[in-house]
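Below: one structure, written as structure tokens.
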Amino acid sequence: MKSKLFMLFLVFFVLTNSSYSQIEDTLNSDLYKWLKSLPDIEVTQIKSDRIFSEAYEIFVSQPIDHNNPDGPKFKQQIFLSHTDKEKPMVIELDGYAVNNRTAELSKILNCNQIMVEHRYFGESVPAPFDWKYLTIKQAADDHHRIIEMFKNYYTGKWITTGISKGGSCAIFHGYFYPDDADASVPYVGPLNLSIDDQRVYEWIKSVSTPECREKVFNFQKLCFEKRDELYPIFLENADLKNLKYEIVGIEKAYEYAVLEYSFAYWQWGNGDCSNIPDKNSSIQEIWEHLLANGGVSYFSDDDITAGYPFFYQCYTEFGYYAYEVDQFKEYIEYADGQTPFFIPKDVNPIYDPTLLKKINDWAANEAENFVFIYGGNDPWTSPGVCLTGKTNSLKMVLPNGSHASRIKGFSKKDKDLIYSRLENWLDIQIER
């Protein structure tokens with residue numbers, strides 16, 4: 001027994017001192033000393049993924065209004081993961097709040113990484129709070145300033161990336177600051193041209209196969225036809241999960257949850273529509289499928305208020321989508337297909353598509369060194385970039401891919417094409 005206790009103590013001692021030694025080594029590292037020398041930032045060491053040697057949570061002091069750099073500031077959260085100052089830097093321009101994780105490109109390139117939280121989300125909310133500074137350009141200025149800062153230390157090539165709205169942010173940043181990065185890989189990033197982008201409607205009418213589209217439509221129709229049975233379950237679920245629907249109205253929220261189904265199903269589905277319930281399915285099977293694939297919580301008060309910064313951007317510059325209701329008009333009592341309830345309270349945004357149209361034109365005709373990744377079934381692909389062949393950029397659409405489409409999902413031939421472009425632009429070799 002004493003021998004076992006001694007061995008346990010010895011293992012604990014070794015691990016503890018090894019961990020302490022690693023922390024001490026990191027805190028004495030050249031990178032940490034450089035970070036601590038920077039003005040107006042806060043640095044905290046955090047646990048790193050195994051592919052990195054150091055990682056830090058950092059709060060960068062940013063102007064709320066970059067047109068007034070000496071005015072009020074806010075703290076923007078970023079995460080830095082380090083391996084070698086001479087290796088490339090992948091900077092993910094997230095569109096929302098962010099937690100530290102390892103991006104796909106960082107694994108592919110075995111390089112450094114910065115994750116950037118978007119202004120007005122998560123820990124990066126300005127005070128005093130003013131919606132007018134939540135703009136595409138102000139966010140691009142945030143990203144440019146961070147890149148400029150870290151280029152004073154890192155000497156390798158830079159790659160911008162992002163997923164979903166973050167993918168759009170990578171495109172936006174490239175429009176305003178084309179010289180900041182040597183390459184860019186936006187994932188599933190839309191460029192909407194209205195708050196009711198008609199391309200989404202047309203996409204849902206033509207995606208996948210006629211048989212699968214019919215199954216999706218019939219499921220929505222079934223949810224309306226069986227409203228008397230499903231709506232009480234919807235109410236029970238609201239009570240069980242403490243979901244409130246005061247912003248939309250609970251009857252209307254049920255209808256929107258069903259209308260959202262077709263968009264959400266194609267956004268996240270894997271292309272196999274064989275699991276969609278039909279009229280022979282039990283009411284519990286129908287409910288569970290709607291719960292998993294529809295908008296049951298999306299129209300709840302908590303989800304809407306948490307998404308206010310996103311929706312504000314949608315209704316000012318970013319654009320969005322609405323719902324076609326004519327095909328269900330015999331069933332609908334409350335929903336008109338529009339979504340003004342997403343707009344933050346006491347805010348009257350004015351939508352202006354001018355900037356998105358300019359960015360869309362630039363991305364199609366001028367953007368160099370981009371690899372645009374999209375999913376073949378994802379409705380957000382419909383307002384995606386349409387290349388004209390005037391640049392060296394590449395658009396890759398994963399067959400049957402969803403909003404979760406990544407490089408790893410492509411065939412070897414397609415991955416080799418993506419890798420060869422990145423190798424050429426970054427002057428590196430990627431391990432196949």
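Identifiers in the structure tokens: chain A, B, ... in order shown; residue index from 1 per chain; ligand index from 1 in order shown.
For His173 of chain A, the residues within 10 Å (counting only C-alpha atoms, excluding itself and residues fewer than 5 positions away along the chain) are Leu93, Ile136, Lys137, Ala139, Ala140, Asp141, Asp142, His143, His144, Thr160, Gly167, Ser168, Pro178, Asp179, Asp180, Ala181, Ser184 and Ile359 of chain A.
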**Asked** Residues at most 8 Å from Gly122 of chain A, counting only C-alpha atoms, excluding those fewer than 6 positions away in the same chain, as number ranges by chain?
**Response** A: 96-98
Residues of the last selection are to be written out with N, CA and C atoms, as a PDB file, in the first residue's frame.
```pdb
ATOM      1  N   TYR A  96     -19.687  36.312 -34.732  1.00  0.00           N
ATOM      2  CA  TYR A  96     -20.503  36.291 -33.517  1.00  0.00           C
ATOM      3  C   TYR A  96     -19.592  36.284 -32.292  1.00  0.00           C
ATOM      4  N   ALA A  97     -20.149  35.842 -31.149  1.00  0.00           N
ATOM      5  CA  ALA A  97     -19.325  35.561 -29.978  1.00  0.00           C
ATOM      6  C   ALA A  97     -18.446  34.358 -30.289  1.00  0.00           C
ATOM      7  N   VAL A  98     -17.343  34.235 -29.578  1.00  0.00           N
ATOM      8  CA  VAL A  98     -16.391  33.188 -29.938  1.00  0.00           C
ATOM      9  C   VAL A  98     -15.808  32.521 -28.696  1.00  0.00           C
TER      10      VAL A  98
END
```
Write out as a CSV table (one decimal) with N, CA and C atoms, in the first residue's frame which residues come within 7 Å of Asp378 of chain A when counting only C-alpha atoms, dropping same-chain ones fewer than 2 positions away.
```csv
chain,number,residue,atom,x,y,z
A,266,TRP,N,-32.5,22.1,-45.2
A,266,TRP,CA,-31.4,22.1,-46.2
A,266,TRP,C,-30.1,22.8,-45.7
A,267,GLN,N,-30.2,23.7,-44.8
A,267,GLN,CA,-29.0,24.3,-44.2
A,267,GLN,C,-28.1,23.3,-43.5
A,375,GLY,N,-21.7,24.8,-49.5
A,375,GLY,CA,-22.3,23.5,-49.4
A,375,GLY,C,-23.4,23.4,-50.5
A,376,GLY,N,-23.4,22.3,-51.2
A,376,GLY,CA,-24.3,22.1,-52.3
A,376,GLY,C,-25.8,22.1,-52.0
A,380,TRP,N,-27.7,29.1,-47.9
A,380,TRP,CA,-26.8,30.3,-47.9
A,380,TRP,C,-25.9,30.3,-49.1
A,381,THR,N,-25.8,29.2,-49.8
A,381,THR,CA,-25.0,29.2,-51.0
A,381,THR,C,-25.7,30.0,-52.1
A,401,GLY,N,-23.4,19.1,-49.7
A,401,GLY,CA,-22.9,19.7,-48.4
A,401,GLY,C,-23.9,20.7,-47.8
A,402,SER,N,-23.7,20.8,-46.5
A,402,SER,CA,-24.6,21.6,-45.7
A,402,SER,C,-23.8,22.9,-45.3
A,403,HIS,N,-24.4,23.6,-44.3
A,403,HIS,CA,-23.7,24.8,-43.8
A,403,HIS,C,-22.4,24.4,-43.0
```
**Asked** Using only C-alpha atoms, which residues sit within 12 Å of Trp425 of chain A once same-chain residues fewer than 6 positions away are excluded, as a ChimeraX atom specification?
**Response** /A:88,157-159,181-185,368-371,392-393,418-419
**Asked** Which parts of segment 81-154 of chain A does DSSP call helix (DSSP H, G or I) when run on the backbone here, written out as a list in words?
**Response**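 Matching residues for helix (DSSP H, G or I) in segment 81-154 of chain A are Glu104, Leu105, Ser106, Lys107, Ile108, Leu109, Trp131, Lys132, Tyr133, Ile136, Lys137, Gln138, Ala139, Ala140, Asp141, Asp142, His143, His144, Arg145, Ile146, Ile147, Glu148, Met149 and Phe150 of chain A.
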Proximity check segment 166-251 of chain A to segment 308-318 of chain A, 8 Å, nearest pairs one decimal Å, only C-alpha atoms, as a tab-separated table:
```
residue	atom	partner	partner_atom	distance
A:Leu191	CA	A:Phe318	CA	7.5
A:Asn192	CA	A:Phe318	CA	6.3
A:Leu193	CA	A:Phe318	CA	7.7
A:Ser194	CA	A:Phe318	CA	7.9
A:Ile195	CA	A:Tyr315	CA	6.4
```
**Prompt:** Within 9 Å of Glu211 of chain A, counting only C-alpha atoms, which residues qualify if same-chain residues fewer than 4 places away don't, as a count of residues only?
**Reply:** 3
**Counting only C-alpha atoms, the option among A:Gln76, A:Asn110, A:Ser206, A:Ser281 closest to Cys223 of chain A** =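 With only C-alpha atoms as the atom set, the closest residue is A:Ser281.
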**Request:** Excluding Glu42 of chain A and any residue of its chain fewer than 6 positions from it, enumerate the residues within 10 Å of it, using only C-alpha atoms, and give them as a VMD selection string.
**Result:** chain A and resid 35 to 36 56 to 61 75 77
**Request:** Rank A:Asp302, A:Ile146, A:Lys413, A:Phe172 by their smallest atom-to-atom distance to Leu355 of chain A, using only C-alpha atoms, and report the top residue only.
**Result:** A:Phe172
**Request:** Fewer than 2 positions away in the same chain doesn't count, so skip those; otherwise give me all residues within 7 Å of Cys386 of chain A, counting only C-alpha atoms, as a VMD selection string.
**Result:** chain A and resid 364 384 388
Could you write those residues out with N, CA and C atoms, as a PDB file, in the first residue's frame?
```pdb
ATOM      1  N   ALA A 364     -16.801  39.079 -57.047  1.00  0.00           N
ATOM      2  CA  ALA A 364     -16.996  38.344 -58.301  1.00  0.00           C
ATOM      3  C   ALA A 364     -15.915  38.651 -59.327  1.00  0.00           C
ATOM      4  N   GLY A 384     -24.343  33.288 -52.377  1.00  0.00           N
ATOM      5  CA  GLY A 384     -22.883  33.209 -52.297  1.00  0.00           C
ATOM      6  C   GLY A 384     -22.214  33.928 -53.456  1.00  0.00           C
ATOM      7  N   THR A 388     -16.543  35.299 -61.871  1.00  0.00           N
ATOM      8  CA  THR A 388     -16.668  35.539 -63.315  1.00  0.00           C
ATOM      9  C   THR A 388     -15.449  35.062 -64.095  1.00  0.00           C
TER      10      THR A 388
END
```
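Nearest-residue note for Lys252 of chain A: choosing from A:Asp336, A:Asp414, A:Asp196, A:Asp301, the minimum distance belongs to A:Asp336, counting only C-alpha atoms.
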**Message:** With DSSP run on the backbone, what are the strand (DSSP E or B) residues within segment 139-232 of chain A? I'd like them as a ChimeraX atom specification.
**Reply:** /A:158-163,183-187
**Pick from A:Phe263, A:Tyr187, A:Phe372, A:Tyr334, whichever lies nearest to Arg213 of chain A using only C-alpha atoms** =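 The shortest atom-to-atom distance to Arg213 of chain A comes from A:Phe263.
A straight line drawn from atom CA of Lys358 of chain A to atom CA of Pro69 of chain A is 25.9 Å long.
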